$ cat start_31.cif   # mmCIF, C-alpha atoms and all ligand atoms
data_run
#
loop_
_atom_site.label_atom_id
_atom_site.label_comp_id
_atom_site.auth_asym_id
_atom_site.auth_seq_id
_atom_site.Cartn_x
_atom_site.Cartn_y
_atom_site.Cartn_z
CA MET A 1 35.39 94.99 -35.74
CA ALA A 2 38.65 96.37 -37.16
CA ASP A 3 38.68 97.01 -40.90
CA ASP A 4 41.81 94.91 -41.42
CA ASN A 5 40.78 91.92 -39.34
CA LEU A 6 42.03 89.52 -42.06
CA LYS A 7 45.31 91.37 -42.63
CA GLY A 8 47.93 89.11 -44.23
CA GLN A 9 45.54 86.16 -44.61
CA ARG A 10 45.53 84.35 -47.95
CA VAL A 11 41.96 83.41 -48.71
CA LEU A 12 41.09 81.10 -51.59
CA LEU A 13 37.48 81.81 -52.48
CA CYS A 14 35.79 78.89 -54.25
CA VAL A 15 32.58 79.94 -55.97
CA GLY A 16 29.83 77.32 -56.46
CA GLY A 17 27.13 77.26 -59.12
CA GLY A 18 24.11 79.00 -57.66
CA ILE A 19 22.37 82.29 -58.26
CA ALA A 20 24.01 83.63 -55.08
CA ALA A 21 27.34 83.51 -57.00
CA TYR A 22 26.78 87.17 -57.85
CA LYS A 23 27.15 87.99 -54.14
CA ALA A 24 30.60 86.41 -54.18
CA LEU A 25 31.80 89.43 -56.20
CA GLU A 26 30.97 91.66 -53.25
CA LEU A 27 32.61 89.08 -50.99
CA VAL A 28 35.93 89.49 -52.83
CA ARG A 29 35.75 93.25 -52.31
CA ARG A 30 34.95 92.83 -48.60
CA LEU A 31 37.72 90.26 -48.09
CA ARG A 32 40.26 92.60 -49.65
CA GLU A 33 38.97 95.54 -47.59
CA ALA A 34 39.55 93.37 -44.50
CA GLY A 35 43.20 92.99 -45.54
CA ALA A 36 43.10 89.51 -47.10
CA GLN A 37 44.89 88.46 -50.29
CA VAL A 38 42.29 86.75 -52.42
CA GLN A 39 42.45 84.20 -55.22
CA VAL A 40 39.32 82.78 -56.80
CA ALA A 41 38.48 79.33 -58.16
CA MET A 42 35.13 78.67 -59.81
CA THR A 43 33.14 75.54 -60.55
CA ALA A 44 31.78 75.06 -64.06
CA GLY A 45 28.29 75.85 -62.72
CA ALA A 46 29.41 79.13 -61.18
CA GLN A 47 30.61 80.33 -64.59
CA HIS A 48 27.02 80.20 -65.85
CA PHE A 49 26.13 82.92 -63.34
CA VAL A 50 29.21 85.18 -63.20
CA THR A 51 32.26 85.46 -65.45
CA PRO A 52 35.81 84.62 -64.33
CA LEU A 53 36.82 88.03 -65.66
CA SER A 54 34.68 89.82 -63.06
CA PHE A 55 36.46 87.97 -60.25
CA GLN A 56 39.84 88.61 -61.86
CA ALA A 57 39.13 92.34 -61.98
CA LEU A 58 38.10 92.43 -58.31
CA SER A 59 40.71 90.06 -56.87
CA GLY A 60 43.65 91.30 -58.92
CA SER A 61 44.67 87.69 -59.72
CA PRO A 62 43.76 85.33 -62.56
CA THR A 63 40.64 83.31 -61.78
CA ARG A 64 41.15 79.53 -61.85
CA THR A 65 38.36 77.62 -63.55
CA THR A 66 39.60 74.18 -64.47
CA LEU A 67 41.82 71.36 -63.36
CA TRP A 68 42.79 70.86 -66.99
CA ASP A 69 44.67 74.13 -67.47
CA SER A 70 47.93 72.95 -69.07
CA ALA A 71 49.80 76.19 -68.32
CA ALA A 72 48.88 76.24 -64.62
CA GLU A 73 49.21 72.50 -64.18
CA ALA A 74 52.73 72.48 -65.65
CA SER A 75 53.78 73.31 -62.08
CA MET A 76 50.98 71.29 -60.39
CA GLY A 77 48.99 74.51 -60.00
CA HIS A 78 46.15 72.99 -58.01
CA ILE A 79 48.54 71.69 -55.35
CA GLU A 80 50.34 75.05 -55.24
CA LEU A 81 47.04 76.86 -54.83
CA ALA A 82 45.92 74.43 -52.11
CA ARG A 83 49.24 75.10 -50.29
CA TRP A 84 49.06 78.86 -50.85
CA ALA A 85 45.74 79.25 -49.00
CA ASP A 86 45.61 80.04 -45.29
CA ARG A 87 41.90 79.38 -45.56
CA ILE A 88 39.48 78.09 -48.17
CA LEU A 89 36.09 79.78 -48.27
CA ILE A 90 33.37 78.18 -50.39
CA ALA A 91 30.59 80.63 -51.18
CA PRO A 92 27.99 79.92 -52.31
CA ALA A 93 28.30 76.26 -51.30
CA THR A 94 25.60 74.40 -53.23
CA ALA A 95 23.96 71.15 -52.06
CA ASP A 96 25.98 69.34 -54.73
CA LEU A 97 29.30 70.82 -53.55
CA LEU A 98 28.51 69.98 -49.91
CA ALA A 99 27.72 66.39 -50.91
CA LYS A 100 30.97 66.11 -52.86
CA LEU A 101 33.02 67.55 -50.00
CA ALA A 102 31.35 65.28 -47.44
CA HIS A 103 32.14 62.22 -49.54
CA GLY A 104 35.64 63.22 -50.66
CA PHE A 105 35.02 63.66 -54.39
CA ALA A 106 37.78 65.29 -56.43
CA ASP A 107 36.27 65.52 -59.90
CA ASP A 108 36.93 69.20 -60.61
CA LEU A 109 39.26 71.98 -59.53
CA VAL A 110 37.31 73.14 -56.46
CA THR A 111 36.75 69.69 -54.95
CA THR A 112 40.35 68.70 -55.69
CA LEU A 113 41.65 71.85 -53.96
CA CYS A 114 39.54 71.07 -50.91
CA LEU A 115 40.90 67.54 -50.72
CA ALA A 116 44.50 68.65 -51.30
CA THR A 117 44.58 71.46 -48.74
CA THR A 118 45.53 71.37 -45.09
CA ALA A 119 44.04 74.85 -44.57
CA PRO A 120 40.80 75.25 -42.60
CA ILE A 121 37.69 75.20 -44.76
CA THR A 122 34.65 77.43 -44.37
CA VAL A 123 31.41 76.86 -46.28
CA ALA A 124 28.61 79.39 -46.74
CA PRO A 125 25.70 77.33 -48.09
CA ALA A 126 22.98 78.73 -50.36
CA MET A 127 20.18 76.76 -51.98
CA ASN A 128 16.44 76.16 -52.05
CA HIS A 129 15.11 75.71 -48.49
CA ARG A 130 13.81 72.19 -49.19
CA MET A 131 17.22 71.16 -50.51
CA TRP A 132 18.79 72.61 -47.36
CA GLY A 133 16.31 70.78 -45.10
CA HIS A 134 16.68 67.46 -46.95
CA PRO A 135 18.10 64.75 -44.65
CA ALA A 136 20.88 64.08 -47.21
CA THR A 137 22.08 67.70 -47.08
CA GLN A 138 21.75 67.84 -43.30
CA ALA A 139 23.74 64.60 -42.98
CA ASN A 140 26.43 66.03 -45.26
CA ILE A 141 26.59 69.23 -43.20
CA ALA A 142 26.84 67.19 -40.00
CA THR A 143 29.72 65.18 -41.52
CA LEU A 144 31.54 68.36 -42.55
CA ARG A 145 31.01 69.99 -39.15
CA ALA A 146 32.26 66.89 -37.37
CA ARG A 147 35.38 67.19 -39.56
CA GLY A 148 35.92 70.74 -38.33
CA VAL A 149 34.54 72.62 -41.34
CA GLN A 150 33.13 76.02 -40.34
CA VAL A 151 29.56 76.56 -41.57
CA ILE A 152 28.24 80.11 -41.98
CA GLY A 153 24.48 80.41 -42.59
CA PRO A 154 22.35 79.94 -44.55
CA GLU A 155 19.97 82.71 -43.55
CA ASP A 156 16.20 82.73 -43.55
CA GLY A 157 14.31 84.84 -46.03
CA PRO A 158 12.96 85.16 -49.56
CA LEU A 159 14.74 82.93 -52.08
CA ALA A 160 15.36 83.51 -55.79
CA GLU A 161 12.63 81.06 -56.84
CA GLY A 162 9.96 83.09 -55.04
CA GLU A 163 9.77 80.86 -51.97
CA SER A 164 10.96 81.68 -48.49
CA GLY A 165 12.95 79.76 -45.89
CA PRO A 166 16.48 78.97 -44.75
CA GLY A 167 18.70 78.96 -47.86
CA ARG A 168 19.94 82.50 -48.49
CA LEU A 169 23.67 83.06 -48.63
CA SER A 170 24.79 85.03 -45.57
CA GLU A 171 25.58 88.64 -46.33
CA PRO A 172 29.21 89.17 -47.45
CA GLY A 173 29.89 91.41 -44.44
CA ALA A 174 28.67 88.72 -42.04
CA ILE A 175 30.82 86.07 -43.76
CA VAL A 176 33.93 88.22 -43.51
CA ALA A 177 33.17 88.96 -39.83
CA ALA A 178 32.78 85.23 -39.10
CA LEU A 179 36.22 84.55 -40.64
CA SER A 180 38.01 87.00 -38.37
CA PRO A 181 40.30 85.68 -35.62
CA GLN A 182 38.01 87.36 -33.05
CA ALA A 183 35.08 85.33 -34.36
CA GLU A 184 37.21 82.20 -34.28
CA SER A 185 37.91 82.70 -30.62
CA ALA A 186 34.16 82.91 -30.13
CA VAL A 187 34.02 79.52 -31.83
CA ALA A 188 35.98 78.25 -28.83
CA ILE A 189 32.51 77.95 -27.32
CA ASP A 190 32.31 74.97 -29.69
CA GLN A 191 34.19 72.92 -27.14
CA ALA A 192 32.46 74.44 -24.12
CA LEU A 193 30.66 71.14 -23.40
CA LYS A 194 33.78 68.99 -23.69
CA GLY A 195 33.91 66.42 -20.91
CA LEU A 196 30.16 66.64 -20.27
CA LYS A 197 27.53 64.04 -21.08
CA VAL A 198 24.24 65.29 -22.50
CA VAL A 199 21.08 63.18 -22.80
CA VAL A 200 18.52 64.53 -25.29
CA SER A 201 15.02 63.17 -25.91
CA ALA A 202 13.39 63.86 -29.27
CA GLY A 203 10.34 63.07 -31.34
CA PRO A 204 6.93 61.71 -30.42
CA THR A 205 5.97 58.58 -28.53
CA TYR A 206 3.45 56.09 -29.91
CA GLU A 207 1.09 54.48 -27.42
CA ASP A 208 -0.36 51.31 -28.87
CA LEU A 209 -4.14 50.82 -28.69
CA ASP A 210 -4.09 47.46 -30.43
CA PRO A 211 -1.75 45.71 -32.90
CA VAL A 212 -2.62 48.18 -35.69
CA ARG A 213 -3.44 51.52 -34.03
CA TYR A 214 -1.67 53.91 -31.75
CA LEU A 215 -2.00 57.34 -30.13
CA GLY A 216 0.75 59.66 -31.36
CA ASN A 217 1.48 63.31 -32.05
CA ARG A 218 2.96 65.54 -34.74
CA SER A 219 6.50 65.83 -33.39
CA SER A 220 9.05 65.15 -36.14
CA GLY A 221 12.10 65.07 -33.88
CA LYS A 222 13.77 67.88 -35.88
CA MET A 223 14.23 70.17 -32.87
CA GLY A 224 15.65 67.47 -30.59
CA PHE A 225 17.96 66.10 -33.30
CA ALA A 226 19.28 69.61 -34.00
CA VAL A 227 19.91 70.13 -30.27
CA ALA A 228 21.76 66.80 -30.05
CA ASP A 229 23.90 67.73 -33.07
CA SER A 230 24.69 71.14 -31.63
CA ALA A 231 25.68 69.74 -28.21
CA ARG A 232 27.92 67.19 -29.93
CA ARG A 233 29.63 69.90 -31.97
CA ARG A 234 30.37 71.73 -28.76
CA GLY A 235 32.30 68.74 -27.54
CA ALA A 236 29.72 66.89 -25.44
CA GLU A 237 29.20 63.14 -25.36
CA VAL A 238 25.59 62.94 -26.53
CA VAL A 239 23.00 60.20 -26.13
CA LEU A 240 19.86 60.84 -28.17
CA ILE A 241 16.73 58.98 -27.12
CA ALA A 242 14.57 59.08 -30.23
CA GLY A 243 10.89 58.32 -30.58
CA PRO A 244 9.65 56.99 -33.94
CA VAL A 245 11.03 59.50 -36.47
CA HIS A 246 12.62 59.37 -39.92
CA LEU A 247 15.77 61.43 -39.39
CA ALA A 248 19.46 60.69 -39.91
CA THR A 249 21.50 60.34 -36.73
CA PRO A 250 23.76 63.37 -36.20
CA ALA A 251 27.45 62.51 -36.57
CA GLY A 252 29.10 61.33 -33.37
CA VAL A 253 25.82 60.99 -31.46
CA LYS A 254 24.77 57.73 -29.80
CA ARG A 255 21.12 57.08 -30.71
CA VAL A 256 18.66 54.85 -28.87
CA ASP A 257 15.33 54.28 -30.66
CA VAL A 258 12.17 53.83 -28.61
CA ARG A 259 8.44 53.79 -29.31
CA SER A 260 6.37 54.39 -26.17
CA ALA A 261 6.61 56.78 -23.22
CA ALA A 262 7.49 53.85 -20.96
CA GLN A 263 10.34 52.79 -23.28
CA MET A 264 11.56 56.38 -23.47
CA ARG A 265 11.65 56.63 -19.68
CA GLU A 266 13.62 53.38 -19.43
CA ALA A 267 16.12 54.49 -22.11
CA VAL A 268 16.60 57.94 -20.55
CA PHE A 269 17.41 56.50 -17.13
CA ALA A 270 19.62 53.81 -18.69
CA ALA A 271 21.68 56.63 -20.27
CA PHE A 272 22.38 58.21 -16.87
CA PRO A 273 24.51 59.34 -15.12
CA ALA A 274 24.76 62.49 -17.22
CA ASP A 275 25.49 66.18 -16.72
CA ILE A 276 22.65 67.70 -18.74
CA TYR A 277 19.19 66.45 -19.70
CA ILE A 278 17.26 68.16 -22.50
CA GLY A 279 13.69 66.95 -22.90
CA ALA A 280 12.67 67.98 -26.43
CA ALA A 281 10.46 64.92 -26.97
CA ALA A 282 6.71 65.26 -27.14
CA VAL A 283 5.96 62.45 -24.71
CA ALA A 284 2.36 61.20 -24.60
CA ASP A 285 0.63 62.24 -21.39
CA TYR A 286 -1.77 59.29 -21.52
CA THR A 287 -1.48 55.69 -22.65
CA PRO A 288 -4.11 52.93 -22.91
CA ARG A 289 -4.57 51.15 -19.57
CA ALA A 290 -4.24 47.84 -21.42
CA PRO A 291 -3.57 47.66 -25.19
CA ALA A 292 -5.95 45.21 -26.86
CA ALA A 293 -4.30 41.94 -27.88
CA ASN A 294 -6.33 41.87 -31.11
CA LYS A 295 -7.56 44.58 -33.48
CA ILE A 296 -10.45 46.49 -31.88
CA LYS A 297 -13.56 45.83 -33.99
CA LYS A 298 -16.03 48.60 -34.69
CA SER A 299 -19.35 47.94 -33.01
CA ASN A 300 -21.06 50.87 -31.30
CA GLU A 301 -21.45 54.45 -32.60
CA SER A 302 -18.85 55.69 -30.14
CA LEU A 303 -15.80 54.21 -28.49
CA ALA A 304 -14.45 55.25 -25.10
CA LEU A 305 -10.76 54.68 -24.51
CA ASP A 306 -9.54 53.90 -21.02
CA LEU A 307 -6.31 55.88 -20.69
CA VAL A 308 -3.95 56.29 -17.77
CA ARG A 309 -1.23 58.89 -17.14
CA THR A 310 2.27 58.13 -18.36
CA PRO A 311 5.20 58.79 -16.05
CA ASP A 312 6.45 62.38 -16.39
CA ILE A 313 10.04 61.65 -17.42
CA LEU A 314 11.18 65.26 -17.12
CA SER A 315 9.86 65.65 -13.57
CA GLU A 316 11.42 62.36 -12.54
CA VAL A 317 14.77 63.39 -14.03
CA ALA A 318 14.66 66.74 -12.24
CA ALA A 319 13.85 65.00 -8.95
CA GLN A 320 16.73 62.53 -9.10
CA THR A 321 20.15 63.30 -7.73
CA GLN A 322 22.69 61.61 -10.00
CA GLY A 323 24.85 64.70 -10.32
CA LEU A 324 22.86 66.47 -13.04
CA LYS A 325 24.06 70.03 -13.55
CA LEU A 326 21.16 71.25 -15.68
CA VAL A 327 17.68 69.98 -16.56
CA VAL A 328 16.04 71.61 -19.58
CA GLY A 329 12.42 71.07 -20.60
CA PHE A 330 10.37 72.19 -23.57
CA ALA A 331 6.82 73.46 -23.45
CA ALA A 332 4.62 73.12 -26.51
CA GLU A 333 1.56 75.32 -26.09
CA THR A 334 -1.21 76.65 -28.31
CA GLU A 335 -2.13 79.57 -25.98
CA ASN A 336 -0.78 81.48 -22.96
CA VAL A 337 2.67 80.19 -23.96
CA ALA A 338 4.70 82.20 -21.42
CA GLY A 339 2.29 81.54 -18.52
CA TYR A 340 2.11 77.78 -19.03
CA ALA A 341 5.85 77.53 -19.66
CA ARG A 342 6.73 79.37 -16.45
CA GLY A 343 4.20 77.15 -14.63
CA LYS A 344 6.00 74.02 -15.90
CA LEU A 345 9.41 75.48 -14.98
CA VAL A 346 8.28 75.69 -11.36
CA ALA A 347 6.06 72.59 -11.17
CA LYS A 348 8.70 70.31 -12.72
CA HIS A 349 11.64 71.90 -10.82
CA LEU A 350 13.55 72.69 -14.01
CA ASP A 351 16.61 74.88 -14.50
CA LEU A 352 15.43 76.07 -17.91
CA ILE A 353 12.32 75.72 -20.06
CA VAL A 354 12.02 76.47 -23.75
CA ALA A 355 8.56 77.53 -24.84
CA ASN A 356 7.25 77.32 -28.36
CA ARG A 357 3.83 77.85 -29.84
CA VAL A 358 2.47 74.81 -31.66
CA GLY A 359 -0.48 74.52 -34.02
CA VAL A 360 0.80 77.45 -36.12
CA ALA A 361 2.22 77.53 -39.65
CA ASP A 362 6.01 77.95 -39.94
CA GLY A 363 6.88 76.79 -36.46
CA GLY A 364 6.34 74.18 -33.75
CA PHE A 365 5.84 70.57 -34.79
CA GLU A 366 7.08 69.24 -38.16
CA SER A 367 8.31 72.57 -39.52
CA ASP A 368 12.02 73.29 -40.19
CA GLN A 369 11.41 76.65 -38.47
CA ASN A 370 10.58 77.61 -34.93
CA ALA A 371 10.13 80.57 -32.62
CA MET A 372 11.22 80.01 -29.04
CA THR A 373 11.61 81.81 -25.72
CA ALA A 374 13.62 80.33 -22.86
CA TYR A 375 12.72 80.98 -19.23
CA TRP A 376 14.66 80.38 -16.05
CA GLN A 377 13.94 81.39 -12.47
CA ASP A 378 14.97 85.02 -12.78
CA GLY A 379 15.36 85.57 -16.49
CA GLU A 380 14.22 84.89 -20.01
CA ARG A 381 15.63 85.02 -23.54
CA VAL A 382 13.66 85.51 -26.74
CA PHE A 383 15.48 83.84 -29.63
CA ASN A 384 15.23 85.21 -33.16
CA PRO A 385 12.75 83.00 -35.03
CA GLY A 386 14.37 80.87 -37.73
CA ALA A 387 15.73 77.46 -38.64
CA LYS A 388 15.64 74.85 -35.90
CA THR A 389 19.32 74.08 -36.61
CA ARG A 390 20.30 77.69 -35.77
CA LEU A 391 17.93 77.86 -32.80
CA ALA A 392 19.52 74.67 -31.45
CA ASP A 393 22.92 76.44 -31.54
CA ASP A 394 21.39 79.46 -29.77
CA LEU A 395 19.90 77.20 -27.10
CA ILE A 396 23.16 75.33 -26.50
CA GLU A 397 24.91 78.69 -26.19
CA LEU A 398 22.40 79.70 -23.51
CA ILE A 399 22.86 76.35 -21.77
CA VAL A 400 26.63 76.98 -21.65
CA GLU A 401 25.93 80.41 -20.14
CA ARG A 402 23.51 78.99 -17.54
CA LEU A 403 26.03 76.27 -16.61
CA ASN A 404 28.58 78.96 -15.88
CA ALA A 405 26.12 81.37 -14.21
O1 LIG B 501 9.87 67.42 -33.04
P1 LIG B 501 9.55 68.71 -33.75
O2 LIG B 501 8.61 68.48 -34.91
O3 LIG B 501 10.78 69.47 -34.13
O4 LIG B 501 8.71 69.58 -32.72
C1 LIG B 501 9.15 69.67 -31.39
C2 LIG B 501 8.92 71.03 -30.84
C3 LIG B 501 9.50 72.02 -31.81
C4 LIG B 501 7.48 71.35 -30.65
C5 LIG B 501 9.74 71.02 -29.49
O5 LIG B 501 10.41 72.20 -29.43
C6 LIG B 501 8.89 70.84 -28.23
O6 LIG B 501 8.25 71.72 -27.73
N1 LIG B 501 8.93 69.59 -27.69
C7 LIG B 501 8.24 69.23 -26.45
C8 LIG B 501 6.80 69.11 -26.72
C9 LIG B 501 6.02 68.70 -25.47
O7 LIG B 501 5.72 67.54 -25.31
O8 LIG B 501 5.70 69.64 -24.61
P2 LIG B 501 4.79 69.38 -23.29
O9 LIG B 501 4.43 70.73 -22.89
O10 LIG B 501 3.72 68.40 -23.56
O11 LIG B 501 5.81 68.71 -22.28
C10 LIG B 501 6.61 69.51 -21.43
C11 LIG B 501 7.92 68.83 -21.15
O12 LIG B 501 7.69 67.64 -20.38
C12 LIG B 501 8.70 68.40 -22.39
O13 LIG B 501 10.06 68.65 -22.13
C13 LIG B 501 8.44 66.88 -22.45
O14 LIG B 501 9.55 66.20 -23.03
C14 LIG B 501 8.27 66.53 -20.98
N2 LIG B 501 7.38 65.39 -20.74
C15 LIG B 501 6.05 65.48 -20.98
C16 LIG B 501 5.22 64.41 -20.68
C17 LIG B 501 5.79 63.25 -20.12
N3 LIG B 501 5.04 62.19 -19.82
N4 LIG B 501 7.11 63.18 -19.88
C18 LIG B 501 7.91 64.24 -20.18
O15 LIG B 501 9.13 64.16 -19.96
#
$ encode --input "start_31.cif" --output "structure tokens"
Amino acid sequence: MADDNLKGQRVLLCVGGGIAAYKALELVRRLREAGAQVQVAMTAGAQHFVTPLSFQALSGSPTRTTLWDSAAEASMGHIELARWADRILIAPATADLLAKLAHGFADDLVTTLCLATTAPITVAPAMNHRMWGHPATQANIATLRARGVQVIGPEDGPLAEGESGPGRLSEPGAIVAALSPQAESAVAIDQALKGLKVVVSAGPTYEDLDPVRYLGNRSSGKMGFAVADSARRRGAEVVLIAGPVHLATPAGVKRVDVRSAAQMREAVFAAFPADIYIGAAAVADYTPRAPAANKIKKSNESLALDLVRTPDILSEVAAQTQGLKLVVGFAAETENVAGYARGKLVAKHLDLIVANRVGVADGGFESDQNAMTAYWQDGERVFNPGAKTRLADDLIELIVERLNA
């Protein structure tokens, strides 16, 4: 990457109130090294971590800290600043700032600037990993992405409070690289699925034994929902067939809720024709032959359940001929992950299978994290372990590649 990849760009850096604010000092230096003119605005919270004077010294311009600056506002300074910027970069973007941006608040200088500008906005979130994974924050991020806001990070790793997970501010060098025009052309992949319809299944299925009990599994739907969101952001029309989960619907995605494997099969086929099918759901392999009409009473020491196989939705999809361009399955295994996954790739006639180990901490079912390897007939790709949201982007990128292969 050229040193002056931001030459001539006017970047307004808005610093949010988190411990990662100290890294924003280095960010100013890196932005200027890359050729950008930099001005800095800080939230009140940010000023508890770093002083405006430090940013002033590094940026070479006065740091703006309040909407109520009578000298600056004599000439409507916030509007001028919003007009001046070629790009607004918010780093660190706290959960609170993301929520305010998503909902259009304008109760301080930074949020007002963001509402008043027509310049593209980039956010680099940083926060505790549970705050990042909270459905409210994820819904806010989805709203911002759908509005065209560029999101950089957060990264996985140790956090200030002694915990570990996705929440670290991306390194200043990586943020600057992601702002460069070269990186933006890479973002063109965002629309690589435009004009295509993608059907994604996610979550578990519940197979009813009687009116109060069911057979289910630990799938949370997080992986499938992240994949649906990623496909949508890349321009696809997305239908998400969701088993019983408690997740917010990604922006712009059509969601169909189902409970059992049979209902999921019906909903998947009702969503066709489509171009791509991604089976991330953990569909039950067996269902009771006949659910009891009334609650099963305990009587003997043991109880034998009479179960029958469910239809294999993925195999049926791969066998049908309604113009599908790519069929992608997942394999959740506790052992011999690669062997079983490759076996399913062949047996189910798939174009791609994504294998992940389940039954481990920090990955597989329920977790916000995962470790995955994708296999196709004559290749494989090991993804860097990390947040399911990032892995979903990596997978969609591979899907785009395989479509064009
Ligand atoms: O939901 P999360 O908590 O995020 O966890 C999901 C996950 C991270 C584990 C996810 O990545 C995953 O592996 N999902 C699929 C789990 C699974 O059911 O694997 P399987 O090996 O049992 O099934 C293989 C494939 O066949 C899957 O694509 C499944 O959707 C499909 N299948 C299975 C049975 C069936 N009757 N019909 C199907 O379509």
$ closest_residue --input "start_31.cif" --among "A:Pro125, A:Gly224, A:Pro244, A:Gly18" --to "ligand LIG 501 (chain B)" --atoms "only C-alpha atoms and all ligand atoms"
A:Gly224
$ residues_near_ligand --input "start_31.cif" --ligand "ligand LIG 501 (chain B)" --cutoff "8 Å" --atoms "all atoms listed in the file" --output "VMD selection string"
chain A and resid 201 to 204 218 to 225 261 265 278 to 286 309 to 316 328 to 333 341 344 353 to 358 363 to 368 370 372 388
$ write_last_selection --input "start_31.cif" --atoms "C-alpha atoms" --output "PDB file, in the frame of the given file"
ATOM      1  CA  SER A 201      15.020  63.170 -25.910  1.00  0.00           C
ATOM      2  CA  ALA A 202      13.390  63.860 -29.270  1.00  0.00           C
ATOM      3  CA  GLY A 203      10.340  63.070 -31.340  1.00  0.00           C
ATOM      4  CA  PRO A 204       6.930  61.710 -30.420  1.00  0.00           C
ATOM      5  CA  ARG A 218       2.960  65.540 -34.740  1.00  0.00           C
ATOM      6  CA  SER A 219       6.500  65.830 -33.390  1.00  0.00           C
ATOM      7  CA  SER A 220       9.050  65.150 -36.140  1.00  0.00           C
ATOM      8  CA  GLY A 221      12.100  65.070 -33.880  1.00  0.00           C
ATOM      9  CA  LYS A 222      13.770  67.880 -35.880  1.00  0.00           C
ATOM     10  CA  MET A 223      14.230  70.170 -32.870  1.00  0.00           C
ATOM     11  CA  GLY A 224      15.650  67.470 -30.590  1.00  0.00           C
ATOM     12  CA  PHE A 225      17.960  66.100 -33.300  1.00  0.00           C
ATOM     13  CA  ALA A 261       6.610  56.780 -23.220  1.00  0.00           C
ATOM     14  CA  ARG A 265      11.650  56.630 -19.680  1.00  0.00           C
ATOM     15  CA  ILE A 278      17.260  68.160 -22.500  1.00  0.00           C
ATOM     16  CA  GLY A 279      13.690  66.950 -22.900  1.00  0.00           C
ATOM     17  CA  ALA A 280      12.670  67.980 -26.430  1.00  0.00           C
ATOM     18  CA  ALA A 281      10.460  64.920 -26.970  1.00  0.00           C
ATOM     19  CA  ALA A 282       6.710  65.260 -27.140  1.00  0.00           C
ATOM     20  CA  VAL A 283       5.960  62.450 -24.710  1.00  0.00           C
ATOM     21  CA  ALA A 284       2.360  61.200 -24.600  1.00  0.00           C
ATOM     22  CA  ASP A 285       0.630  62.240 -21.390  1.00  0.00           C
ATOM     23  CA  TYR A 286      -1.770  59.290 -21.520  1.00  0.00           C
ATOM     24  CA  ARG A 309      -1.230  58.890 -17.140  1.00  0.00           C
ATOM     25  CA  THR A 310       2.270  58.130 -18.360  1.00  0.00           C
ATOM     26  CA  PRO A 311       5.200  58.790 -16.050  1.00  0.00           C
ATOM     27  CA  ASP A 312       6.450  62.380 -16.390  1.00  0.00           C
ATOM     28  CA  ILE A 313      10.040  61.650 -17.420  1.00  0.00           C
ATOM     29  CA  LEU A 314      11.180  65.260 -17.120  1.00  0.00           C
ATOM     30  CA  SER A 315       9.860  65.650 -13.570  1.00  0.00           C
ATOM     31  CA  GLU A 316      11.420  62.360 -12.540  1.00  0.00           C
ATOM     32  CA  VAL A 328      16.040  71.610 -19.580  1.00  0.00           C
ATOM     33  CA  GLY A 329      12.420  71.070 -20.600  1.00  0.00           C
ATOM     34  CA  PHE A 330      10.370  72.190 -23.570  1.00  0.00           C
ATOM     35  CA  ALA A 331       6.820  73.460 -23.450  1.00  0.00           C
ATOM     36  CA  ALA A 332       4.620  73.120 -26.510  1.00  0.00           C
ATOM     37  CA  GLU A 333       1.560  75.320 -26.090  1.00  0.00           C
ATOM     38  CA  ALA A 341       5.850  77.530 -19.660  1.00  0.00           C
ATOM     39  CA  LYS A 344       6.000  74.020 -15.900  1.00  0.00           C
ATOM     40  CA  ILE A 353      12.320  75.720 -20.060  1.00  0.00           C
ATOM     41  CA  VAL A 354      12.020  76.470 -23.750  1.00  0.00           C
ATOM     42  CA  ALA A 355       8.560  77.530 -24.840  1.00  0.00           C
ATOM     43  CA  ASN A 356       7.250  77.320 -28.360  1.00  0.00           C
ATOM     44  CA  ARG A 357       3.830  77.850 -29.840  1.00  0.00           C
ATOM     45  CA  VAL A 358       2.470  74.810 -31.660  1.00  0.00           C
ATOM     46  CA  GLY A 363       6.880  76.790 -36.460  1.00  0.00           C
ATOM     47  CA  GLY A 364       6.340  74.180 -33.750  1.00  0.00           C
ATOM     48  CA  PHE A 365       5.840  70.570 -34.790  1.00  0.00           C
ATOM     49  CA  GLU A 366       7.080  69.240 -38.160  1.00  0.00           C
ATOM     50  CA  SER A 367       8.310  72.570 -39.520  1.00  0.00           C
ATOM     51  CA  ASP A 368      12.020  73.290 -40.190  1.00  0.00           C
ATOM     52  CA  ASN A 370      10.580  77.610 -34.930  1.00  0.00           C
ATOM     53  CA  MET A 372      11.220  80.010 -29.040  1.00  0.00           C
ATOM     54  CA  LYS A 388      15.640  74.850 -35.900  1.00  0.00           C
TER      55      LYS A 388
END
$ residues_near_point --input "start_31.cif" --point "(25.0, 80.3, -52.2)" --cutoff "9 Å" --atoms "only C-alpha atoms" --output "ChimeraX atom specification"
/A:15-21,23-24,90-94,124-127,154,167-170
$ residues_around --input "start_31.cif" --residues "range 100-109 of chain A" --least-positions-apart "2" --cutoff "12 Å" --atoms "only C-alpha atoms" --output "PyMOL selection string"
chain A and resi 14-16+40-45+63-69+72-73+76-79+81-82+90+93-98+111-117+121-123+136-149+251
$ closest_residue --input "start_31.cif" --among "A:Glu171, A:Ser180, A:Met131, A:Pro158" --to "Gly8 in chain A" --atoms "all atoms listed in the file"
A:Ser180
$ closest_residue --input "start_31.cif" --among "A:Gly243, A:Pro291, A:Gly60, A:Pro120" --to "Val28 in chain A" --atoms "all atoms listed in the file"
A:Gly60
